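Heads up: the structure comes next, in structure tokens.
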Amino acid sequence: MKPVRLMNRIDTKFICNRQKLDELLEAAAEDYLVQENDGKLLMPYKTCYLDTPEAEMYRKHHCGKKDRYKIRIRTYEQSGISFLEVKHKDNHGRTTKVRRSWSENVPTKEADQFLESNSPYTFQALVPTLENHFRRITLVNRELTERLTIDLELQATNPRTGRSVSFPDLVIIELKRDNHKPSIMPELLCSLRIRPAKFSKYCIGMALTDPDLKQNLFKERIRTVRKCTEILKS
């Protein structure tokens with residue numbers, strides 16, 4: 001997987017339902033490899049998003065700011081390994097991700113230094129705002145120039161409001177590549193009527209679990225999700 005870590009990349013997202021996913025996997029079988037870990041193809045992930053108490057990062061995304069950040073603690077549940085990660089999307093639509101290993105024993109000073117070096121935030125200024133769980137399939141093209149992540153069974157819980165939301169039939173596909181290198185995947189997805197769609201697991205999860213937040217600009221995206229799958233709230 002090292003050649004396709006793509007920590008500096010162009011992302012394109014698509015959404016569909018489980019039925020379409022079956023068609024996609026069948027169509028991609030000849031041209032893509034699937035990542036396997038200890039004999040398993042579906043990897044469980046847990047993510048804890050961090051934001052300011054006023055949800056500044058969410059609000060910047062909602063307002064359409066091109067230059068924005070997401071900060072999270074991501075855990076690969078099969079191995080138990082966790083990372084503190086900073087994702088930065090610049091004005092040109094390019095995503096850069098940096099990370100460092102994480103555990104509860106990491107000194108706050110070290111976490112502050114990491115975030116101050118890679119974002120406008122400090123660790124002490126942030127609070128947990130959303131936790132989600134999902135399972136992921138990862139495809140890699142045979143030329144090792146792109147990676148396709150396929151996330152399903154997404155669930156999210158807001159620790160402040162206590163509200164939860166789940167998307168039992170939603171599939172979130174993300175094509176990750178260096179620049180806009182040639183790829184057969186967009187054409188393949190289009191042939192299956194799977195179109196590009198902006199979708200942030202963090203922002204949609206926050207919008208659906210915190211009624212105090214502005215969410216007007218996400219309503220169309222939520223409607224698009226509803227066309228694909230049922231949204232369950234609790």
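Please note that chains go A, B, ... in the order of the structure tokens, that every chain numbers its residues from 1, and that ligands are numbered from 1 in the order shown.
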Extract, using only C-alpha atoms, all DNA, RNA and protein residues at most 12 Å from Leu33 (chain A), discarding same-chain residues fewer than 3 positions from it, and format them as a PDB file with all heavy atoms, in the first residue's frame.
```pdb
ATOM      1  N   MET A   1       0.811  -1.218   0.000  1.00  0.00           N
ATOM      2  CA  MET A   1       0.000   0.000   0.000  1.00  0.00           C
ATOM      3  C   MET A   1       0.845   1.270   0.000  1.00  0.00           C
ATOM      4  O   MET A   1       0.323   2.354  -0.231  1.00  0.00           O
ATOM      5  CB  MET A   1      -0.930   0.006   1.213  1.00  0.00           C
ATOM      6  CG  MET A   1      -1.989  -1.074   1.188  1.00  0.00           C
ATOM      7  SD  MET A   1      -3.130  -0.903  -0.190  1.00  0.00           S
ATOM      8  CE  MET A   1      -3.985   0.592   0.263  1.00  0.00           C
ATOM      9  N   LEU A  25     -18.290  -3.532  -7.779  1.00  0.00           N
ATOM     10  CA  LEU A  25     -17.227  -4.479  -7.465  1.00  0.00           C
ATOM     11  C   LEU A  25     -17.071  -5.519  -8.576  1.00  0.00           C
ATOM     12  O   LEU A  25     -15.953  -5.913  -8.920  1.00  0.00           O
ATOM     13  CB  LEU A  25     -17.511  -5.162  -6.132  1.00  0.00           C
ATOM     14  CG  LEU A  25     -17.453  -4.249  -4.897  1.00  0.00           C
ATOM     15  CD1 LEU A  25     -17.865  -5.023  -3.651  1.00  0.00           C
ATOM     16  CD2 LEU A  25     -16.069  -3.646  -4.719  1.00  0.00           C
ATOM     17  N   GLU A  26     -18.191  -5.930  -9.139  1.00  0.00           N
ATOM     18  CA  GLU A  26     -18.115  -6.897 -10.244  1.00  0.00           C
ATOM     19  C   GLU A  26     -17.446  -6.266 -11.464  1.00  0.00           C
ATOM     20  O   GLU A  26     -16.595  -6.875 -12.112  1.00  0.00           O
ATOM     21  CB  GLU A  26     -19.521  -7.382 -10.604  1.00  0.00           C
ATOM     22  CG  GLU A  26     -19.531  -8.447 -11.685  1.00  0.00           C
ATOM     23  CD  GLU A  26     -20.932  -8.997 -11.962  1.00  0.00           C
ATOM     24  OE1 GLU A  26     -21.861  -8.677 -11.198  1.00  0.00           O
ATOM     25  OE2 GLU A  26     -21.065  -9.748 -12.946  1.00  0.00           O
ATOM     26  N   ALA A  28     -15.310  -3.798 -11.525  1.00  0.00           N
ATOM     27  CA  ALA A  28     -13.924  -3.392 -11.287  1.00  0.00           C
ATOM     28  C   ALA A  28     -12.977  -4.569 -11.079  1.00  0.00           C
ATOM     29  O   ALA A  28     -11.762  -4.368 -10.954  1.00  0.00           O
ATOM     30  CB  ALA A  28     -13.873  -2.474 -10.066  1.00  0.00           C
ATOM     31  N   ALA A  29     -13.487  -5.770 -11.074  1.00  0.00           N
ATOM     32  CA  ALA A  29     -12.690  -6.932 -10.664  1.00  0.00           C
ATOM     33  C   ALA A  29     -11.435  -7.138 -11.512  1.00  0.00           C
ATOM     34  O   ALA A  29     -10.390  -7.547 -10.994  1.00  0.00           O
ATOM     35  CB  ALA A  29     -13.559  -8.190 -10.699  1.00  0.00           C
ATOM     36  N   GLU A  30     -11.491  -6.856 -12.790  1.00  0.00           N
ATOM     37  CA  GLU A  30     -10.342  -7.122 -13.660  1.00  0.00           C
ATOM     38  C   GLU A  30      -9.247  -6.075 -13.511  1.00  0.00           C
ATOM     39  O   GLU A  30      -8.070  -6.368 -13.738  1.00  0.00           O
ATOM     40  CB  GLU A  30     -10.797  -7.197 -15.120  1.00  0.00           C
ATOM     41  CG  GLU A  30     -11.616  -8.435 -15.453  1.00  0.00           C
ATOM     42  CD  GLU A  30     -11.876  -8.560 -16.944  1.00  0.00           C
ATOM     43  OE1 GLU A  30     -11.276  -7.775 -17.720  1.00  0.00           O
ATOM     44  OE2 GLU A  30     -12.671  -9.435 -17.331  1.00  0.00           O
ATOM     45  N   GLU A  36      -6.309  -6.664   1.576  1.00  0.00           N
ATOM     46  CA  GLU A  36      -6.690  -7.718   2.501  1.00  0.00           C
ATOM     47  C   GLU A  36      -5.825  -7.609   3.750  1.00  0.00           C
ATOM     48  O   GLU A  36      -4.617  -7.375   3.658  1.00  0.00           O
ATOM     49  CB  GLU A  36      -6.493  -9.087   1.846  1.00  0.00           C
ATOM     50  CG  GLU A  36      -6.877 -10.262   2.713  1.00  0.00           C
ATOM     51  CD  GLU A  36      -6.653 -11.581   2.007  1.00  0.00           C
ATOM     52  OE1 GLU A  36      -7.006 -11.697   0.823  1.00  0.00           O
ATOM     53  OE2 GLU A  36      -6.097 -12.505   2.647  1.00  0.00           O
ATOM     54  N   LEU A  41     -11.536  -8.392   4.261  1.00  0.00           N
ATOM     55  CA  LEU A  41     -11.620  -7.337   3.249  1.00  0.00           C
ATOM     56  C   LEU A  41     -12.351  -6.101   3.759  1.00  0.00           C
ATOM     57  O   LEU A  41     -12.174  -5.012   3.217  1.00  0.00           O
ATOM     58  CB  LEU A  41     -12.329  -7.871   1.997  1.00  0.00           C
ATOM     59  CG  LEU A  41     -11.739  -9.139   1.378  1.00  0.00           C
ATOM     60  CD1 LEU A  41     -12.534  -9.545   0.139  1.00  0.00           C
ATOM     61  CD2 LEU A  41     -10.275  -8.947   1.013  1.00  0.00           C
ATOM     62  N   ILE A 137     -13.873  -0.945   2.499  1.00  0.00           N
ATOM     63  CA  ILE A 137     -13.203  -1.756   1.486  1.00  0.00           C
ATOM     64  C   ILE A 137     -12.257  -0.817   0.744  1.00  0.00           C
ATOM     65  O   ILE A 137     -12.647   0.301   0.382  1.00  0.00           O
ATOM     66  CB  ILE A 137     -14.200  -2.368   0.491  1.00  0.00           C
ATOM     67  CG1 ILE A 137     -15.224  -3.243   1.211  1.00  0.00           C
ATOM     68  CG2 ILE A 137     -13.476  -3.177  -0.586  1.00  0.00           C
ATOM     69  CD1 ILE A 137     -16.393  -3.667   0.316  1.00  0.00           C
ATOM     70  N   THR A 138     -11.028  -1.254   0.495  1.00  0.00           N
ATOM     71  CA  THR A 138     -10.073  -0.425  -0.237  1.00  0.00           C
ATOM     72  C   THR A 138      -9.644  -1.133  -1.510  1.00  0.00           C
ATOM     73  O   THR A 138      -9.156  -2.276  -1.465  1.00  0.00           O
ATOM     74  CB  THR A 138      -8.839  -0.110   0.623  1.00  0.00           C
ATOM     75  OG1 THR A 138      -9.252   0.587   1.808  1.00  0.00           O
ATOM     76  CG2 THR A 138      -7.855   0.770  -0.143  1.00  0.00           C
ATOM     77  N   LEU A 139      -9.820  -0.451  -2.637  1.00  0.00           N
ATOM     78  CA  LEU A 139      -9.368  -0.960  -3.933  1.00  0.00           C
ATOM     79  C   LEU A 139      -8.166  -0.141  -4.398  1.00  0.00           C
ATOM     80  O   LEU A 139      -8.095   1.069  -4.159  1.00  0.00           O
ATOM     81  CB  LEU A 139     -10.482  -0.857  -4.981  1.00  0.00           C
ATOM     82  CG  LEU A 139     -11.807  -1.575  -4.700  1.00  0.00           C
ATOM     83  CD1 LEU A 139     -12.730  -1.419  -5.911  1.00  0.00           C
ATOM     84  CD2 LEU A 139     -11.604  -3.035  -4.360  1.00  0.00           C
ATOM     85  N   VAL A 140      -7.248  -0.790  -5.103  1.00  0.00           N
ATOM     86  CA  VAL A 140      -6.075  -0.128  -5.684  1.00  0.00           C
ATOM     87  C   VAL A 140      -5.962  -0.578  -7.132  1.00  0.00           C
ATOM     88  O   VAL A 140      -6.089  -1.780  -7.420  1.00  0.00           O
ATOM     89  CB  VAL A 140      -4.798  -0.505  -4.912  1.00  0.00           C
ATOM     90  CG1 VAL A 140      -3.581   0.149  -5.553  1.00  0.00           C
ATOM     91  CG2 VAL A 140      -4.908  -0.105  -3.448  1.00  0.00           C
ATOM     92  N   ASN A 141      -5.746   0.374  -8.046  1.00  0.00           N
ATOM     93  CA  ASN A 141      -5.614  -0.050  -9.436  1.00  0.00           C
ATOM     94  C   ASN A 141      -4.288  -0.798  -9.631  1.00  0.00           C
ATOM     95  O   ASN A 141      -3.352  -0.676  -8.840  1.00  0.00           O
ATOM     96  CB  ASN A 141      -5.733   1.143 -10.397  1.00  0.00           C
ATOM     97  CG  ASN A 141      -4.579   2.123 -10.280  1.00  0.00           C
ATOM     98  OD1 ASN A 141      -3.883   2.181  -9.263  1.00  0.00           O
ATOM     99  ND2 ASN A 141      -4.378   2.916 -11.313  1.00  0.00           N
ATOM    100  N   ARG A 142      -4.204  -1.586 -10.669  1.00  0.00           N
ATOM    101  CA  ARG A 142      -3.040  -2.456 -10.867  1.00  0.00           C
ATOM    102  C   ARG A 142      -1.768  -1.666 -11.161  1.00  0.00           C
ATOM    103  O   ARG A 142      -0.659  -2.185 -10.985  1.00  0.00           O
ATOM    104  CB  ARG A 142      -3.334  -3.471 -11.977  1.00  0.00           C
ATOM    105  CG  ARG A 142      -4.437  -4.452 -11.585  1.00  0.00           C
ATOM    106  CD  ARG A 142      -4.673  -5.520 -12.629  1.00  0.00           C
ATOM    107  NE  ARG A 142      -5.753  -6.422 -12.208  1.00  0.00           N
ATOM    108  CZ  ARG A 142      -5.587  -7.485 -11.434  1.00  0.00           C
ATOM    109  NH1 ARG A 142      -4.373  -7.795 -11.002  1.00  0.00           N
ATOM    110  NH2 ARG A 142      -6.620  -8.251 -11.110  1.00  0.00           N
ATOM    111  N   GLU A 143      -1.909  -0.414 -11.608  1.00  0.00           N
ATOM    112  CA  GLU A 143      -0.742   0.431 -11.847  1.00  0.00           C
ATOM    113  C   GLU A 143      -0.237   1.107 -10.572  1.00  0.00           C
ATOM    114  O   GLU A 143       0.781   1.794 -10.586  1.00  0.00           O
ATOM    115  CB  GLU A 143      -1.072   1.506 -12.897  1.00  0.00           C
ATOM    116  CG  GLU A 143      -1.367   0.965 -14.288  1.00  0.00           C
ATOM    117  CD  GLU A 143      -2.755   0.329 -14.391  1.00  0.00           C
ATOM    118  OE1 GLU A 143      -3.651   0.708 -13.605  1.00  0.00           O
ATOM    119  OE2 GLU A 143      -2.928  -0.548 -15.262  1.00  0.00           O
ATOM    120  N   LEU A 144      -0.980   0.942  -9.471  1.00  0.00           N
ATOM    121  CA  LEU A 144      -0.636   1.523  -8.166  1.00  0.00           C
ATOM    122  C   LEU A 144      -0.513   3.039  -8.232  1.00  0.00           C
ATOM    123  O   LEU A 144       0.400   3.648  -7.663  1.00  0.00           O
ATOM    124  CB  LEU A 144       0.662   0.916  -7.624  1.00  0.00           C
ATOM    125  CG  LEU A 144       0.679  -0.605  -7.437  1.00  0.00           C
ATOM    126  CD1 LEU A 144       2.006  -1.057  -6.861  1.00  0.00           C
ATOM    127  CD2 LEU A 144      -0.472  -1.062  -6.563  1.00  0.00           C
ATOM    128  N   THR A 145      -1.482   3.671  -8.914  1.00  0.00           N
ATOM    129  CA  THR A 145      -1.484   5.135  -9.007  1.00  0.00           C
ATOM    130  C   THR A 145      -2.706   5.757  -8.357  1.00  0.00           C
ATOM    131  O   THR A 145      -2.783   6.987  -8.266  1.00  0.00           O
ATOM    132  CB  THR A 145      -1.439   5.584 -10.483  1.00  0.00           C
ATOM    133  OG1 THR A 145      -2.572   5.032 -11.174  1.00  0.00           O
ATOM    134  CG2 THR A 145      -0.156   5.125 -11.159  1.00  0.00           C
ATOM    135  N   GLU A 146      -3.660   4.939  -7.917  1.00  0.00           N
ATOM    136  CA  GLU A 146      -4.859   5.487  -7.294  1.00  0.00           C
ATOM    137  C   GLU A 146      -5.423   4.483  -6.287  1.00  0.00           C
ATOM    138  O   GLU A 146      -5.154   3.289  -6.341  1.00  0.00           O
ATOM    139  CB  GLU A 146      -5.922   5.822  -8.346  1.00  0.00           C
ATOM    140  CG  GLU A 146      -6.536   4.608  -9.002  1.00  0.00           C
ATOM    141  CD  GLU A 146      -7.499   4.952 -10.119  1.00  0.00           C
ATOM    142  OE1 GLU A 146      -7.182   5.842 -10.918  1.00  0.00           O
ATOM    143  OE2 GLU A 146      -8.562   4.320 -10.187  1.00  0.00           O
ATOM    144  N   ARG A 147      -6.210   5.043  -5.382  1.00  0.00           N
ATOM    145  CA  ARG A 147      -6.848   4.240  -4.343  1.00  0.00           C
ATOM    146  C   ARG A 147      -8.316   4.609  -4.303  1.00  0.00           C
ATOM    147  O   ARG A 147      -8.683   5.783  -4.415  1.00  0.00           O
ATOM    148  CB  ARG A 147      -6.168   4.533  -3.002  1.00  0.00           C
ATOM    149  CG  ARG A 147      -6.665   3.723  -1.846  1.00  0.00           C
ATOM    150  CD  ARG A 147      -5.589   3.658  -0.748  1.00  0.00           C
ATOM    151  NE  ARG A 147      -4.971   4.947  -0.500  1.00  0.00           N
ATOM    152  CZ  ARG A 147      -5.331   5.801   0.453  1.00  0.00           C
ATOM    153  NH1 ARG A 147      -6.341   5.486   1.258  1.00  0.00           N
ATOM    154  NH2 ARG A 147      -4.706   6.931   0.632  1.00  0.00           N
ATOM    155  N   LEU A 148      -9.168   3.612  -4.129  1.00  0.00           N
ATOM    156  CA  LEU A 148     -10.608   3.825  -4.037  1.00  0.00           C
ATOM    157  C   LEU A 148     -11.064   3.274  -2.695  1.00  0.00           C
ATOM    158  O   LEU A 148     -10.967   2.074  -2.440  1.00  0.00           O
ATOM    159  CB  LEU A 148     -11.332   3.101  -5.181  1.00  0.00           C
ATOM    160  CG  LEU A 148     -12.801   3.510  -5.415  1.00  0.00           C
ATOM    161  CD1 LEU A 148     -12.846   4.845  -6.140  1.00  0.00           C
ATOM    162  CD2 LEU A 148     -13.538   2.453  -6.209  1.00  0.00           C
ATOM    163  N   THR A 149     -11.540   4.151  -1.812  1.00  0.00           N
ATOM    164  CA  THR A 149     -12.070   3.688  -0.528  1.00  0.00           C
ATOM    165  C   THR A 149     -13.585   3.643  -0.614  1.00  0.00           C
ATOM    166  O   THR A 149     -14.216   4.538  -1.173  1.00  0.00           O
ATOM    167  CB  THR A 149     -11.625   4.594   0.631  1.00  0.00           C
ATOM    168  OG1 THR A 149     -12.058   5.936   0.397  1.00  0.00           O
ATOM    169  CG2 THR A 149     -10.114   4.566   0.783  1.00  0.00           C
TER     170      THR A 149
END
```
Going by DSSP on the backbone, which bits of region 56-221 of chain A are helix (DSSP H, G or I)? Write them as a PDB file with C-alpha atoms, in the first residue's frame, please.
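Dumped to selection00.pdb:
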```pdb
ATOM      1  CA  GLU A  56     -15.651  26.523  13.948  1.00  0.00           C
ATOM      2  CA  MET A  57     -14.402  23.925  11.446  1.00  0.00           C
ATOM      3  CA  TYR A  58     -17.956  22.772  10.749  1.00  0.00           C
ATOM      4  CA  ARG A  59     -19.137  26.354  10.302  1.00  0.00           C
ATOM      5  CA  LYS A  60     -16.338  27.188   7.869  1.00  0.00           C
ATOM      6  CA  HIS A  61     -17.263  24.177   5.760  1.00  0.00           C
ATOM      7  CA  HIS A  62     -20.934  25.156   5.891  1.00  0.00           C
ATOM      8  CA  THR A 108      -0.922  17.470  25.775  1.00  0.00           C
ATOM      9  CA  LYS A 109       2.169  19.556  25.000  1.00  0.00           C
ATOM     10  CA  GLU A 110       3.196  17.160  22.210  1.00  0.00           C
ATOM     11  CA  ALA A 111      -0.330  17.139  20.758  1.00  0.00           C
ATOM     12  CA  ASP A 112      -0.340  20.954  20.857  1.00  0.00           C
ATOM     13  CA  GLN A 113       2.992  21.114  19.042  1.00  0.00           C
ATOM     14  CA  PHE A 114       1.780  18.733  16.344  1.00  0.00           C
ATOM     15  CA  LEU A 115      -1.429  20.687  15.713  1.00  0.00           C
ATOM     16  CA  GLU A 116       0.264  24.092  15.874  1.00  0.00           C
ATOM     17  CA  SER A 117       2.753  22.909  13.230  1.00  0.00           C
ATOM     18  CA  ASN A 118       0.028  21.672  10.886  1.00  0.00           C
ATOM     19  CA  PHE A 123      -5.176  20.511  21.052  1.00  0.00           C
ATOM     20  CA  GLN A 124      -6.264  22.225  24.258  1.00  0.00           C
ATOM     21  CA  ALA A 125      -8.677  24.472  22.322  1.00  0.00           C
ATOM     22  CA  MET A 185     -12.954   4.656 -12.507  1.00  0.00           C
ATOM     23  CA  PRO A 186     -14.954   7.869 -13.205  1.00  0.00           C
ATOM     24  CA  GLU A 187     -16.174   6.427 -16.517  1.00  0.00           C
ATOM     25  CA  LEU A 188     -16.957   3.108 -14.846  1.00  0.00           C
ATOM     26  CA  LEU A 189     -18.946   4.843 -12.092  1.00  0.00           C
ATOM     27  CA  CYS A 190     -20.793   6.964 -14.642  1.00  0.00           C
ATOM     28  CA  SER A 191     -21.783   3.840 -16.591  1.00  0.00           C
ATOM     29  CA  LYS A 201     -19.047  12.274   7.087  1.00  0.00           C
ATOM     30  CA  TYR A 202     -18.271  14.887   9.717  1.00  0.00           C
ATOM     31  CA  CYS A 203     -20.500  17.690   8.453  1.00  0.00           C
ATOM     32  CA  ILE A 204     -23.503  15.551   7.545  1.00  0.00           C
ATOM     33  CA  GLY A 205     -23.238  13.738  10.879  1.00  0.00           C
ATOM     34  CA  MET A 206     -23.102  17.052  12.740  1.00  0.00           C
ATOM     35  CA  ALA A 207     -25.984  18.553  10.753  1.00  0.00           C
ATOM     36  CA  LEU A 208     -28.236  15.583  11.527  1.00  0.00           C
ATOM     37  CA  THR A 209     -27.397  15.345  15.241  1.00  0.00           C
ATOM     38  CA  ASN A 216     -29.152  25.173   5.117  1.00  0.00           C
ATOM     39  CA  LEU A 217     -26.289  24.565   2.697  1.00  0.00           C
ATOM     40  CA  PHE A 218     -26.223  20.844   3.541  1.00  0.00           C
ATOM     41  CA  LYS A 219     -29.945  20.221   2.988  1.00  0.00           C
ATOM     42  CA  GLU A 220     -29.492  19.384  -0.697  1.00  0.00           C
ATOM     43  CA  ARG A 221     -26.768  16.877   0.164  1.00  0.00           C
TER      44      ARG A 221
END
```
| task | Just list the residues in region 23-126 of chain A DSSP gives strand (DSSP E) on the backbone, as JSON, numbers by chain. | result | {"A": [32, 33, 34, 43, 44, 45, 46, 47, 48, 49, 50, 51, 68, 69, 70, 71, 72, 73, 74, 75, 76, 81, 82, 83, 84, 85, 86, 87, 88, 89, 94, 95, 96, 97, 98, 99, 100, 101]}
| message | For a quick check of understanding, using only C-alpha atoms, which of A:Lys70, A:Lys13, A:Arg18, A:Lys233 has the smallest distance to His88 (chain A)? | response |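 Once distances to His88 (chain A) are computed over only C-alpha atoms, the minimum belongs to A:Lys70.
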| message | If I take CA of Asp151 (chain A) and CA of Asn17 (chain A), how far is one from the other in Å, to one decimal? | response |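 Atom-to-atom, CA of Asp151 (chain A) to CA of Asn17 (chain A), that is 10.9 Å.
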| Within 12 Å of region 159-165 of chain A, counting only C-alpha atoms, which residues qualify if same-chain residues fewer than 3 places away don't, as a count of residues only? | 35
